[in-house]
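Dumped target-v8.txt below, it's compact mmCIF, C-alpha atoms:
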```txt
# COMPACT_ATOMS: atom_id res chain seq x y z
CA MET A 9 93.49 113.08 144.74
CA LYS A 10 94.19 109.44 144.00
CA PHE A 11 95.98 108.33 140.86
CA ALA A 12 96.28 104.91 139.23
CA VAL A 13 99.41 104.00 137.28
CA ILE A 14 98.38 101.22 134.92
CA VAL A 15 101.04 98.54 134.55
CA PHE A 16 101.13 96.35 131.45
CA PRO A 17 103.62 93.56 130.81
CA GLY A 18 106.51 95.59 129.36
CA SER A 19 105.69 98.97 130.92
CA ASN A 20 108.95 100.54 132.05
CA CYS A 21 108.11 104.14 133.03
CA ASP A 22 105.59 103.11 135.68
CA VAL A 23 108.08 103.67 138.49
CA ASP A 24 108.98 107.17 137.20
CA MET A 25 105.29 108.01 137.02
CA TYR A 26 104.68 106.70 140.54
CA HIS A 27 107.66 108.69 141.84
CA ALA A 28 106.45 111.89 140.15
CA ILE A 29 103.02 111.63 141.77
CA LYS A 30 104.04 110.41 145.21
CA ASP A 31 107.28 112.26 145.88
CA GLU A 32 107.13 115.37 143.72
CA LEU A 33 103.41 116.06 143.48
CA GLY A 34 102.60 114.67 146.94
CA GLU A 35 99.37 112.93 145.98
CA GLU A 36 98.14 109.37 146.49
CA VAL A 37 99.07 106.81 143.84
CA GLU A 38 98.81 103.07 143.31
CA TYR A 39 99.99 100.64 140.66
CA VAL A 40 97.13 98.84 138.92
CA TRP A 41 97.83 95.65 136.97
CA HIS A 42 96.40 95.40 133.44
CA ASP A 43 93.84 92.74 134.35
CA ALA A 44 91.96 94.96 136.84
CA ASP A 45 88.17 95.02 136.47
CA HIS A 46 87.45 98.50 137.70
CA LEU A 47 89.07 101.82 138.53
CA ASP A 48 86.21 103.31 140.55
CA GLU A 49 88.38 104.36 143.50
CA PHE A 50 90.74 106.44 141.35
CA ASP A 51 90.34 110.08 140.35
CA GLY A 52 93.01 110.15 137.67
CA ILE A 53 94.48 107.45 135.42
CA LEU A 54 98.03 107.39 134.09
CA LEU A 55 99.21 105.11 131.28
CA PRO A 56 103.01 105.03 131.46
CA GLY A 57 105.61 104.55 128.75
CA GLY A 58 107.41 101.36 127.89
CA PHE A 59 106.98 98.51 125.46
CA SER A 60 103.74 96.82 126.43
CA TYR A 61 103.66 93.26 125.04
CA GLY A 62 107.04 93.90 123.44
CA ASP A 63 105.46 96.30 120.92
CA TYR A 64 104.49 93.13 119.02
CA LEU A 65 102.36 93.74 115.93
CA ARG A 66 102.21 97.52 116.58
CA SER A 67 102.96 99.65 119.65
CA GLY A 68 99.95 99.48 121.93
CA ALA A 69 97.97 97.15 119.66
CA ILE A 70 97.79 94.26 122.11
CA ALA A 71 97.63 96.26 125.36
CA ARG A 72 94.54 97.93 123.96
CA PHE A 73 92.64 94.66 124.48
CA SER A 74 93.71 94.28 128.14
CA ASN A 75 90.91 93.80 130.63
CA VAL A 76 91.61 97.15 132.32
CA MET A 77 90.88 99.01 129.07
CA LYS A 78 87.14 98.54 129.62
CA ALA A 79 87.44 100.40 132.92
CA ILE A 80 89.57 103.06 131.22
CA GLN A 81 86.91 103.49 128.55
CA GLN A 82 84.31 103.98 131.30
CA ALA A 83 86.55 106.44 133.16
CA ALA A 84 87.00 108.39 129.92
CA GLU A 85 83.24 108.56 129.46
CA ALA A 86 82.83 109.63 133.09
CA GLY A 87 85.15 112.57 132.42
CA LYS A 88 88.05 111.48 134.64
CA PRO A 89 91.48 112.82 133.68
CA ILE A 90 93.42 110.20 131.70
CA LEU A 91 97.02 110.79 130.67
CA GLY A 92 98.91 108.50 128.30
CA VAL A 93 102.62 109.11 127.90
CA CYS A 94 104.67 107.59 125.07
CA ASN A 95 103.52 103.95 124.93
CA GLY A 96 100.50 105.12 126.94
CA PHE A 97 99.70 107.55 124.12
CA GLN A 98 100.13 104.76 121.56
CA ILE A 99 97.69 102.58 123.54
CA LEU A 100 95.10 105.42 123.67
CA LEU A 101 95.40 105.78 119.88
CA GLU A 102 94.99 102.05 119.28
CA ALA A 103 92.01 102.02 121.65
CA GLY A 104 90.37 104.81 119.68
CA LEU A 105 90.23 107.09 122.74
CA LEU A 106 92.30 109.55 120.69
CA PRO A 107 92.29 109.91 116.89
CA GLY A 108 95.18 109.03 114.58
CA ALA A 109 98.06 106.54 114.63
CA MET A 110 101.82 106.33 115.10
CA ARG A 111 104.41 105.54 112.47
CA ARG A 112 108.13 104.81 112.86
CA ASN A 113 110.21 107.95 113.38
CA HIS A 114 111.15 109.36 109.97
CA SER A 115 114.85 108.91 110.82
CA LEU A 116 114.16 105.26 111.79
CA LYS A 117 116.18 106.00 114.93
CA PHE A 118 115.12 105.71 118.53
CA MET A 119 115.25 109.32 119.76
CA CYS A 120 116.16 109.88 123.39
CA ARG A 121 116.86 113.47 124.41
CA PRO A 122 115.24 116.60 125.87
CA VAL A 123 113.11 118.53 123.37
CA GLU A 124 111.55 121.94 123.41
CA LEU A 125 107.76 122.08 123.29
CA ARG A 126 105.30 124.87 122.95
CA VAL A 127 102.14 124.70 125.05
CA GLU A 128 99.57 125.24 122.28
CA ASN A 129 96.54 125.10 124.52
CA HIS A 130 96.94 126.12 128.16
CA GLU A 131 93.21 126.02 128.78
CA THR A 132 92.87 122.29 129.46
CA MET A 133 92.68 120.38 132.74
CA PHE A 134 96.26 119.22 132.04
CA THR A 135 97.86 122.56 131.18
CA SER A 136 96.13 125.30 133.15
CA MET A 137 99.26 125.96 135.23
CA TYR A 138 101.26 126.85 132.12
CA GLU A 139 101.35 130.29 130.53
CA LYS A 140 99.91 130.86 127.07
CA ASP A 141 102.45 129.64 124.45
CA GLU A 142 104.90 128.73 127.22
CA MET A 143 108.06 127.01 126.01
CA ILE A 144 108.99 123.97 128.07
CA THR A 145 111.74 121.32 127.96
CA ILE A 146 110.67 117.70 128.39
CA PRO A 147 112.58 114.54 127.40
CA ILE A 148 111.43 112.16 124.68
CA ALA A 149 112.40 108.49 124.31
CA HIS A 150 110.69 106.69 121.44
CA GLY A 151 111.09 104.96 118.10
CA GLU A 152 107.49 105.36 116.99
CA GLY A 153 106.30 108.87 117.69
CA ASN A 154 105.63 109.97 114.14
CA TYR A 155 102.00 111.00 114.59
CA TYR A 156 99.67 110.68 111.63
CA CYS A 157 96.00 111.38 110.97
CA ASP A 158 94.01 112.20 107.85
CA GLU A 159 93.42 115.80 106.75
CA GLU A 160 89.88 115.92 108.04
CA THR A 161 90.98 114.78 111.51
CA LEU A 162 93.83 117.29 111.53
CA LYS A 163 91.39 120.07 110.72
CA GLN A 164 89.19 118.98 113.63
CA LEU A 165 92.20 118.87 115.96
CA ILE A 166 93.13 122.41 114.97
CA ASP A 167 89.58 123.80 115.01
CA ASN A 168 88.82 122.32 118.44
CA ARG A 169 92.22 123.32 119.86
CA GLN A 170 92.98 119.65 120.55
CA ILE A 171 96.68 120.01 119.76
CA VAL A 172 98.08 120.65 123.24
CA PHE A 173 101.85 120.40 122.63
CA ARG A 174 103.93 120.90 119.49
CA TYR A 175 107.65 120.36 118.99
CA HIS A 176 109.50 123.64 118.67
CA GLY A 177 112.56 123.86 116.40
CA GLU A 178 113.57 120.52 114.99
CA ASN A 179 110.79 117.95 114.89
CA PRO A 180 112.42 114.78 116.31
CA ASN A 181 110.17 112.20 114.64
CA GLY A 182 108.46 113.72 111.60
CA SER A 183 105.03 113.96 113.23
CA LEU A 184 102.27 115.68 111.30
CA ALA A 185 102.01 119.40 112.11
CA ASP A 186 104.81 118.96 114.69
CA ILE A 187 102.29 117.32 117.01
CA ALA A 188 103.72 116.14 120.35
CA GLY A 189 100.48 115.79 122.31
CA ILE A 190 96.73 115.85 121.66
CA ILE A 191 93.60 115.83 123.76
CA ASN A 192 90.18 114.30 123.02
CA GLU A 193 87.26 116.52 122.10
CA LYS A 194 85.77 116.27 125.59
CA GLY A 195 89.09 117.47 127.05
CA ASN A 196 89.80 114.73 129.60
CA VAL A 197 92.07 112.34 127.69
CA LEU A 198 95.58 113.57 126.85
CA GLY A 199 98.20 111.62 124.92
CA MET A 200 101.76 112.85 124.51
CA MET A 201 105.08 111.40 123.37
CA PRO A 202 107.36 113.48 125.67
CA HIS A 203 107.72 112.28 129.27
CA PRO A 204 106.54 114.90 131.79
CA GLU A 205 107.14 112.41 134.63
CA ARG A 206 110.86 112.53 133.81
CA ALA A 207 110.91 116.32 134.17
CA VAL A 208 109.64 116.91 137.69
CA ASP A 209 112.78 118.12 139.43
CA GLU A 210 115.69 120.38 138.44
CA LEU A 211 117.99 117.51 139.41
CA LEU A 212 116.57 115.58 136.45
CA GLY A 213 117.44 118.44 134.11
CA SER A 214 114.00 120.04 134.03
CA ALA A 215 111.00 120.50 136.29
CA ASP A 216 108.75 121.68 133.45
CA GLY A 217 106.62 118.54 133.57
CA LEU A 218 105.49 119.07 137.13
CA LYS A 219 103.00 121.79 136.18
CA LEU A 220 101.14 119.26 134.06
CA PHE A 221 100.44 117.09 137.09
CA GLN A 222 99.73 120.15 139.24
CA SER A 223 97.16 121.28 136.66
CA ILE A 224 95.32 117.94 136.98
CA VAL A 225 95.22 118.27 140.77
CA LYS A 226 94.06 121.90 140.53
CA TYR A 227 91.26 120.87 138.18
CA TRP A 228 90.21 118.03 140.46
CA ARG A 229 90.27 120.19 143.63
CA GLU A 230 88.18 122.88 141.97
CA ALA A 231 85.65 120.29 140.80
CA HIS A 232 85.49 118.21 144.00
CA VAL A 233 86.40 120.21 147.05
CA VAL A 234 83.46 122.20 148.28
CA THR A 235 84.58 125.40 149.89
CA SER A 236 82.69 126.24 153.05
CA MET B 27 91.00 73.85 108.03
CA TYR B 28 91.98 77.07 106.30
CA LYS B 29 95.42 78.49 105.73
CA VAL B 30 95.08 82.26 105.66
CA LYS B 31 97.82 84.63 104.53
CA VAL B 32 97.42 88.23 105.64
CA TYR B 33 99.51 91.05 104.17
CA VAL B 34 99.57 94.40 105.95
CA THR B 35 101.24 97.47 104.40
CA LEU B 36 101.21 101.19 105.07
CA ARG B 37 98.56 102.95 103.01
CA GLU B 38 99.65 104.47 99.71
CA ASN B 39 99.43 108.04 100.96
CA VAL B 40 101.35 107.32 104.17
CA LEU B 41 105.11 107.82 103.89
CA ASP B 42 106.95 104.58 104.66
CA PRO B 43 110.30 105.53 106.27
CA GLN B 44 111.59 101.94 106.21
CA GLY B 45 110.65 101.54 102.57
CA SER B 46 112.41 104.82 101.69
CA ALA B 47 115.58 103.69 103.49
CA VAL B 48 115.57 100.32 101.70
CA LYS B 49 114.98 102.03 98.34
CA GLY B 50 118.02 104.24 99.04
CA ALA B 51 120.09 101.15 99.85
CA LEU B 52 118.98 99.41 96.62
CA HIS B 53 119.90 102.53 94.63
CA SER B 54 123.34 102.54 96.24
CA LEU B 55 123.67 98.92 95.03
CA SER B 56 123.03 100.32 91.52
CA TYR B 57 119.45 99.10 91.21
CA GLN B 58 118.41 102.49 89.87
CA GLU B 59 115.30 100.98 88.30
CA VAL B 60 113.67 100.57 91.73
CA GLN B 61 110.91 103.17 91.85
CA ASP B 62 109.31 102.41 95.19
CA VAL B 63 109.63 100.05 98.15
CA ARG B 64 106.82 99.39 100.62
CA ILE B 65 107.57 97.33 103.70
CA GLY B 66 104.84 95.45 105.43
CA LYS B 67 103.98 92.45 107.51
CA PHE B 68 103.09 88.94 106.50
CA MET B 69 101.04 86.74 108.81
CA GLU B 70 100.03 83.13 108.28
CA LEU B 71 97.07 81.82 110.23
CA MET B 72 95.65 78.32 110.49
CA ILE B 73 91.93 78.59 111.15
CA GLU B 74 89.55 75.80 111.96
CA LYS B 75 86.44 75.48 109.87
CA ASN B 76 83.17 76.32 111.62
CA ASP B 77 79.76 77.62 110.62
CA ARG B 78 80.89 81.25 110.41
CA ASP B 79 81.95 82.60 107.06
CA ILE B 80 85.75 82.44 106.89
CA GLU B 81 86.03 85.71 104.96
CA GLU B 82 83.97 87.48 107.57
CA ILE B 83 86.20 86.12 110.36
CA VAL B 84 89.40 87.17 108.59
CA ARG B 85 88.08 90.63 107.74
CA ASP B 86 86.97 91.13 111.36
CA MET B 87 90.37 90.11 112.69
CA CYS B 88 92.13 92.46 110.28
CA GLU B 89 89.89 95.41 111.15
CA LYS B 90 90.08 94.83 114.91
CA LEU B 91 93.70 93.87 115.44
CA LEU B 92 95.92 92.74 112.61
CA ALA B 93 95.91 96.09 110.77
CA ASN B 94 95.48 99.65 111.98
CA THR B 95 93.28 100.99 109.22
CA VAL B 96 94.17 104.60 110.04
CA ILE B 97 97.57 104.03 108.41
CA GLU B 98 97.54 100.48 107.05
CA ASP B 99 95.89 98.51 104.26
CA TYR B 100 95.46 94.77 104.36
CA ARG B 101 94.72 91.98 101.95
CA TYR B 102 94.43 88.25 102.46
CA GLU B 103 94.42 84.92 100.69
CA ILE B 104 92.36 82.02 101.97
CA GLU B 105 93.23 78.45 101.06
CA GLU B 106 91.40 75.38 102.25
CA VAL B 107 93.81 72.69 103.41
CA VAL B 108 93.57 69.22 104.90
CA ALA B 109 94.27 69.27 108.64
CA GLN B 110 97.42 67.35 109.54
```
Can you dump the structure from the file as structure tokens?
Amino acid sequence: MKFAVIVFPGSNCDVDMYHAIKDELGEEVEYVWHDADHLDEFDGILLPGGFSYGDYLRSGAIARFSNVMKAIQQAAEAGKPILGVCNGFQILLEAGLLPGAMRRNHSLKFMCRPVELRVENHETMFTSMYEKDEMITIPIAHGEGNYYCDEETLKQLIDNRQIVFRYHGENPNGSLADIAGIINEKGNVLGMMPHPERAVDELLGSADGLKLFQSIVKYWREAHVVTS
Amino acid sequence: MYKVKVYVTLRENVLDPQGSAVKGALHSLSYQEVQDVRIGKFMELMIEKNDRDIEEIVRDMCEKLLANTVIEDYRYEIEEVVAQ
């Protein structure tokens, strides 16, 4: 399986993402600059964290108009797995690929620490390797992760099981319904504030994020490798 | 030439954590009469006149980029000025 790590001016978790895929997951991966025209050769697309365009105006607001976003839109329609982490999640929200928006953390502080999450839906292409309701520890690092959507959207998210991860215990940013990660209705675009790519080895404090990437590969193998 | 002032604020029903913090600070300065503080953004644009309707252009820009209408409201003032 071949992954693309999209790099925007100001991305700063692209190297972690690349490392997670190449060294820990053992799959192919390439950096793709934000002005790329197409992503046809890639099977999975990763939008890393960081501060694209300095977070000017709003987090993700300017990156969302990058040239590569057209190709990402097409990949989303084609059903390819797309994962946005932190700033990547914010970009997916601004692009309308996921519903809702981010506000400043309710504490107004940048929060940078491991948090406990509950896997709310383990029946997605991103979470199939997790157990039902599994509790995992993944680090967060953000100042604007306070997820918001209107009541109608929240009801849809709940009814369609689109809430994939929720914060367990203390909610670090004030997000609605303790939301840490959501998926689109079709089930191939996941956005999350915690950084699974920073939790892929016990040496890093947790390897709980690795199963997320392994789930994507498992999904892709099952869909693409014909068994003889 | 038009001088356009755009004001973007969080929507009424969206909690504004910065506004709440500033309200708390004003109260601690004994301005107890302050009931609410909303913090927003102010943008000033100089826009050349063309055959498109200026209001339509400004509204489009606000909807597409300048405001995120999921959480923000916007308003604008348009003033015609002499180009310098």
Proximal residues of chain B relative to chain A (all atoms listed in the file; 9 Å) as JSON, numbers by chain: {"B": [40, 41, 42, 43, 44, 47, 67, 91, 92, 93, 94, 96, 97]}
For A:Met133, find every residue with an atom within 10 Å (counting all atoms listed in the file), except residues of its own chain fewer than 4 positions away, and show them as a CSV table (one decimal) with C-alpha atoms, in the frame of the given file.
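Generated file (part.csv):
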```
chain,number,residue,atom,x,y,z
A,89,PRO,CA,91.5,112.8,133.7
A,137,MET,CA,99.3,126.0,135.2
A,195,GLY,CA,89.1,117.5,127.0
A,196,ASN,CA,89.8,114.7,129.6
A,197,VAL,CA,92.1,112.3,127.7
A,198,LEU,CA,95.6,113.6,126.8
A,220,LEU,CA,101.1,119.3,134.1
A,221,PHE,CA,100.4,117.1,137.1
A,222,GLN,CA,99.7,120.2,139.2
A,223,SER,CA,97.2,121.3,136.7
A,224,ILE,CA,95.3,117.9,137.0
A,225,VAL,CA,95.2,118.3,140.8
A,226,LYS,CA,94.1,121.9,140.5
A,227,TYR,CA,91.3,120.9,138.2
A,228,TRP,CA,90.2,118.0,140.5
```
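The coordinates place atom CA of A:Val208 at 25.7 Å from atom CA of A:Arg169.
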For atom CA of A:Asp24 and atom CA of A:Met119, the interatomic separation in Å (one decimal):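 Between these atoms lies a distance of 18.7 Å.
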Which residue of A:Asn20, A:Gln170, A:Asn192, A:Thr161 approaches A:Leu106 most closely, using all atoms listed in the file: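 Checking each candidate against A:Leu106, we get A:Asn192 as the closest.
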Point-to-point distance in Å for atom CA of A:Arg174 and atom CA of A:Met9: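 Computing it gives 28.4 Å between the two atoms.
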Extract, using all atoms listed in the file, all DNA, RNA and protein residues at most 12 Å from B:Met87, discarding same-chain residues fewer than 2 positions from it, and format them as a PDB file with C-alpha atoms, in the frame of the given file.
```
ATOM      1  CA  VAL B  30      95.080  82.260 105.660  1.00  0.00           C
ATOM      2  CA  VAL B  32      97.420  88.230 105.640  1.00  0.00           C
ATOM      3  CA  MET B  69     101.040  86.740 108.810  1.00  0.00           C
ATOM      4  CA  LEU B  71      97.070  81.820 110.230  1.00  0.00           C
ATOM      5  CA  ILE B  73      91.930  78.590 111.150  1.00  0.00           C
ATOM      6  CA  ILE B  80      85.750  82.440 106.890  1.00  0.00           C
ATOM      7  CA  GLU B  81      86.030  85.710 104.960  1.00  0.00           C
ATOM      8  CA  GLU B  82      83.970  87.480 107.570  1.00  0.00           C
ATOM      9  CA  ILE B  83      86.200  86.120 110.360  1.00  0.00           C
ATOM     10  CA  VAL B  84      89.400  87.170 108.590  1.00  0.00           C
ATOM     11  CA  ARG B  85      88.080  90.630 107.740  1.00  0.00           C
ATOM     12  CA  GLU B  89      89.890  95.410 111.150  1.00  0.00           C
ATOM     13  CA  LYS B  90      90.080  94.830 114.910  1.00  0.00           C
ATOM     14  CA  LEU B  91      93.700  93.870 115.440  1.00  0.00           C
ATOM     15  CA  LEU B  92      95.920  92.740 112.610  1.00  0.00           C
ATOM     16  CA  ALA B  93      95.910  96.090 110.770  1.00  0.00           C
ATOM     17  CA  ASN B  94      95.480  99.650 111.980  1.00  0.00           C
ATOM     18  CA  THR B  95      93.280 100.990 109.220  1.00  0.00           C
ATOM     19  CA  TYR B 100      95.460  94.770 104.360  1.00  0.00           C
ATOM     20  CA  ARG B 101      94.720  91.980 101.950  1.00  0.00           C
ATOM     21  CA  TYR B 102      94.430  88.250 102.460  1.00  0.00           C
TER      22      TYR B 102
END
```
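In terms of minimum interatomic distance to A:Ser214, A:Thr145 ranks closest within A:Phe173, A:Thr145, A:Met200, A:Pro180, counting only C-alpha atoms.
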Polymer residues at most 6 Å from (108.5, 115.3, 130.4) by only C-alpha atoms, as a ChimeraX atom specification: /A:146-147,202-207,217
Residues within 12 Å of (91.4, 67.6, 109.2), counting all atoms listed in the file, listed as a ChimeraX atom specification: /B:27-28,72-75,106-110
Residue contacts of A:Ala79 (9 Å, all atoms listed in the file) excluding same-chain residues fewer than 6 positions away, as JSON, numbers by chain: {"A": [44, 45, 46, 47, 48]}
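Within the 12 Å cut-off around B:Gly45, using only C-alpha atoms and omitting residues fewer than 6 positions from it on the same chain, the listed residues are Arg112, His114, Ser115 and Leu116 of chain A; Thr35, Leu36, Glu38, Ala51, Leu52, Val60, Gln61, Asp62, Val63, Arg64, Ile65 and Gly66 of chain B.
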Output C-alpha atoms of each residue in that selection to a file, as an mmCIF file, keeping the file's coordinate frame.
```cif
data_model
loop_
_atom_site.group_PDB
_atom_site.id
_atom_site.type_symbol
_atom_site.label_atom_id
_atom_site.label_comp_id
_atom_site.auth_asym_id
_atom_site.auth_seq_id
_atom_site.Cartn_x
_atom_site.Cartn_y
_atom_site.Cartn_z
ATOM 1 C CA ARG A 112 108.130 104.810 112.860
ATOM 2 C CA HIS A 114 111.150 109.360 109.970
ATOM 3 C CA SER A 115 114.850 108.910 110.820
ATOM 4 C CA LEU A 116 114.160 105.260 111.790
ATOM 5 C CA THR B 35 101.240 97.470 104.400
ATOM 6 C CA LEU B 36 101.210 101.190 105.070
ATOM 7 C CA GLU B 38 99.650 104.470 99.710
ATOM 8 C CA ALA B 51 120.090 101.150 99.850
ATOM 9 C CA LEU B 52 118.980 99.410 96.620
ATOM 10 C CA VAL B 60 113.670 100.570 91.730
ATOM 11 C CA GLN B 61 110.910 103.170 91.850
ATOM 12 C CA ASP B 62 109.310 102.410 95.190
ATOM 13 C CA VAL B 63 109.630 100.050 98.150
ATOM 14 C CA ARG B 64 106.820 99.390 100.620
ATOM 15 C CA ILE B 65 107.570 97.330 103.700
ATOM 16 C CA GLY B 66 104.840 95.450 105.430
#
```
Nearest residue to A:Val123 from the set A:Lys78, A:Lys194, A:His176, A:Lys163 (distances using all atoms listed in the file):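 Result for the nearest residue to A:Val123: A:His176.
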